[in-house]
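Notes to accompany the following structure.
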Amino acid sequence: METFWIYGDNDKVIVRKQLVVKFLESRGFRNIQVNKEWLIACIVDNRVRLIENPIELRRYLIEHIHSLEEVKKKDYVLEKTIDLFREIKRQGLIDALKTEELNLQLGNEHVSYKFFRNGALKITSSGYYLERYEDLDGQVLESEIIDFDFKEVKQTDDIRKSDFSTFAYRCMNMNNENYFSLRSLLGFLSSSFKSIKDNKSVIFCDENLSEIAEGGTGKSLTAKALSYFNNTVVEDGKNFKQSNFTFQQIEPGVRLLAIDDTGKQFNFESLFSSITGEFQIEKKYQAKFSLPFKDSPRILITTNYTIFGRGFSFERRIVEIEFSDYYGRNRKPADEFGKDFFDEWDEHEWNLFYNFMAGCVSSYIRDGILEPKISDRETKKLIKETNYEFVEFVSDYDFKDWKIKSELFEEYLSEYPTYRKWLKLRTFNGWLKKHFEESGINYKELKQNGGNRSWFFLDRE
């Protein structure tokens, strides 16, 4: 169908509404419902383009008229088309379009998909290959299509020696076990299928503990790499606060939420429900809605600090991987590779990168998450449950004989006066018990004459 108008008496141009609707439908325009909200979409060969403004429909019709070489009274046809859309909501054109359910191609536990200009990349445990969009069982949002023509690289050595693969290997301090753990996590974060068994948030952190965290170890650069392979929303970690509108940037098809460079007091527990269940999203002047678990983005956190948390609820929701200090103040990736990542890559390097990432997804499908080894795990666990300054204090303290609780608390506050504002004796004593138990310090709690409550350390001279 090429026209949506007829000519009446004396060649009068008549643009008919029902013809406009049929024309738009023949070009793939539909009404679809996403999270209880009705949207206009253009669906062609399983590729879905969401229409943000109904005026785009008028622009589409006008461009179509211009594309036709011979149109009788073209100026009048244009004028009548414009008139028809002056009050588009009153014309009922949008409501008259057919409705269609959105059926996204998400894959399953054995298959994942990534989408490129020249086709859909089907990834399995044994490899990956391109399929035509029109051959897919489901649909693909255009916001998820990577603006690149993918070509499979047969030589695995070429991929292994590529810029990003080499960079990732060095971030793991050239340790093969840690490198393959990182690959599995990159695959997990990039998989199009979400399984309830892997409902975890990934944390990129530093291997070496320091009170003053400097960063620069490659965490944020790796997070940026993920954003080129996944439809990603990036939040500034230092200014990230949970509120009604925290996730208002999350749109259909967003697969990764990266909270980059979180501060020292980041509240990880505020994300618990979003990691394991539905995503609650509220936008200004719009009704609140929930993204089902299977459609919600995975969560990545990068931090220069230790994320605070305790107990089973915390442990089962995270998987941490440490970045070594191979990169830092005195050594940067651009110095080693002779170019800035991403901005100065040529087409060949980009293709190697996409093959590397597809390989990570394939490895994840085959092997799952390979748990990374955490150095000095007990110390870092204690820091998460207390704070860095407390661990520094107890590491240098000689616990022997007995000590009045209030006096020990005062010693800590004298050394770290900023904690006077909020730290309570009860909290401090709870931290001490945890340290004693994990360090094997044998103790009793006594109440001496005069009412002083004290720690009494057994078998320690």
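The way I read the labels, and the way they are meant: chains A, B, ... in the order of the structure tokens, residue 1 as the first residue of every chain, and ligand 1 as the first ligand shown, with later ones counted on from there.
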Per-residue nearest contacts segment 300-361 of chain A to segment 229-236 of chain A, cut-off 10 Å, using only C-alpha atoms, as CSV:
residue,atom,partner,partner_atom,distance
A:Leu300,CA,A:Val234,CA,9.5
A:Ile301,CA,A:Glu235,CA,9.6
A:Phe353,CA,A:Phe229,CA,9.3
A:Tyr354,CA,A:Phe229,CA,7.3
A:Met357,CA,A:Phe229,CA,7.5
A:Ala358,CA,A:Phe229,CA,9.0
Using the selection just defined, write its residues with N, CA and C atoms as a CSV table (one decimal), in the first residue's frame.
chain,number,residue,atom,x,y,z
A,300,LEU,N,25.8,-3.7,38.7
A,300,LEU,CA,27.3,-3.7,38.9
A,300,LEU,C,27.6,-2.5,39.8
A,301,ILE,N,28.5,-2.7,40.7
A,301,ILE,CA,29.0,-1.7,41.6
A,301,ILE,C,30.5,-1.6,41.5
A,353,PHE,N,37.2,-7.0,20.5
A,353,PHE,CA,36.6,-6.8,21.8
A,353,PHE,C,35.2,-7.5,21.9
A,354,TYR,N,34.4,-7.3,20.8
A,354,TYR,CA,33.1,-7.9,20.8
A,354,TYR,C,33.2,-9.4,20.8
A,357,MET,N,34.0,-10.5,24.4
A,357,MET,CA,32.9,-10.4,25.3
A,357,MET,C,31.9,-11.5,25.0
A,358,ALA,N,31.7,-11.8,23.7
A,358,ALA,CA,30.8,-13.0,23.4
A,358,ALA,C,31.4,-14.3,23.9
Segment 356-423 of chain A residues near segment 198-209 of chain A within 10 Å, closest pair each, using only C-alpha atoms, as a Markdown table:
| residue | atom | partner | partner_atom | distance |
| --- | --- | --- | --- | --- |
| A:Gly368 | CA | A:Asp198 | CA | 8.8 |
| A:Ile369 | CA | A:Asp198 | CA | 8.3 |
| A:Ile374 | CA | A:Glu207 | CA | 7.8 |
| A:Ser375 | CA | A:Glu207 | CA | 6.9 |
| A:Asp376 | CA | A:Glu207 | CA | 9.0 |
| A:Thr379 | CA | A:Leu209 | CA | 9.5 |
| A:Lys380 | CA | A:Leu209 | CA | 8.2 |
| A:Ile383 | CA | A:Leu209 | CA | 9.9 |
| A:Tyr388 | CA | A:Leu209 | CA | 8.8 |
Please report, as an NGL selection string, each residue of segment 159-224 of chain A to which DSSP assigns helix (DSSP H, G or I) when run on this structure's backbone. :A and (159-160 or 163-171 or 176-190 or 196-198 or 219-224)
Env of Ser191 of chain A: 8 Å cut, atoms = only C-alpha atoms, seq-sep filter 6 positions within chain, self excluded. Answer as a list in words. Ser112, Tyr113 and Val361 of chain A
Residues near segment 61-63 of chain A, cut-off 10 Å, only C-alpha atoms, skip fewer than 5 positions along chain, as a PyMOL selection string: chain A and resi 3-4+20+23-24+56+68+77-79+81-82
Go ahead and write the residues just picked, C-alpha atoms, as a PDB file, in the first residue's frame.
ATOM      1  CA  THR A   3      -1.066   5.852  -0.690  1.00  0.00           C
ATOM      2  CA  PHE A   4      -3.501   6.870   2.013  1.00  0.00           C
ATOM      3  CA  VAL A  20      -3.813   6.321   7.085  1.00  0.00           C
ATOM      4  CA  PHE A  23      -0.873   2.428   5.669  1.00  0.00           C
ATOM      5  CA  LEU A  24       0.854   2.810   9.065  1.00  0.00           C
ATOM      6  CA  GLU A  56       6.894  11.107  14.437  1.00  0.00           C
ATOM      7  CA  LEU A  68       7.254   9.260  -4.244  1.00  0.00           C
ATOM      8  CA  VAL A  77      -1.587  15.971  -0.316  1.00  0.00           C
ATOM      9  CA  LEU A  78       1.068  17.315   2.060  1.00  0.00           C
ATOM     10  CA  GLU A  79      -1.237  20.052   3.302  1.00  0.00           C
ATOM     11  CA  THR A  81      -1.795  15.247   5.775  1.00  0.00           C
ATOM     12  CA  ILE A  82      -0.499  18.030   8.000  1.00  0.00           C
TER      13      ILE A  82
END
Could you list, as an NGL selection string, every residue within 12 Å of Val394 of chain A, counting only C-alpha atoms and ignoring same-chain residues fewer than 3 positions away? :A and (379 or 382-383 or 386-391 or 397-399 or 408-409 or 411-412 or 415 or 428 or 431-436 or 439 or 441)
Quick one: distance from atom CA of Phe279 of chain A to atom CA of Gly237 of chain A in Å, one decimal?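 If I compute the distance from atom CA of Phe279 of chain A to atom CA of Gly237 of chain A, I get 18.5 Å.
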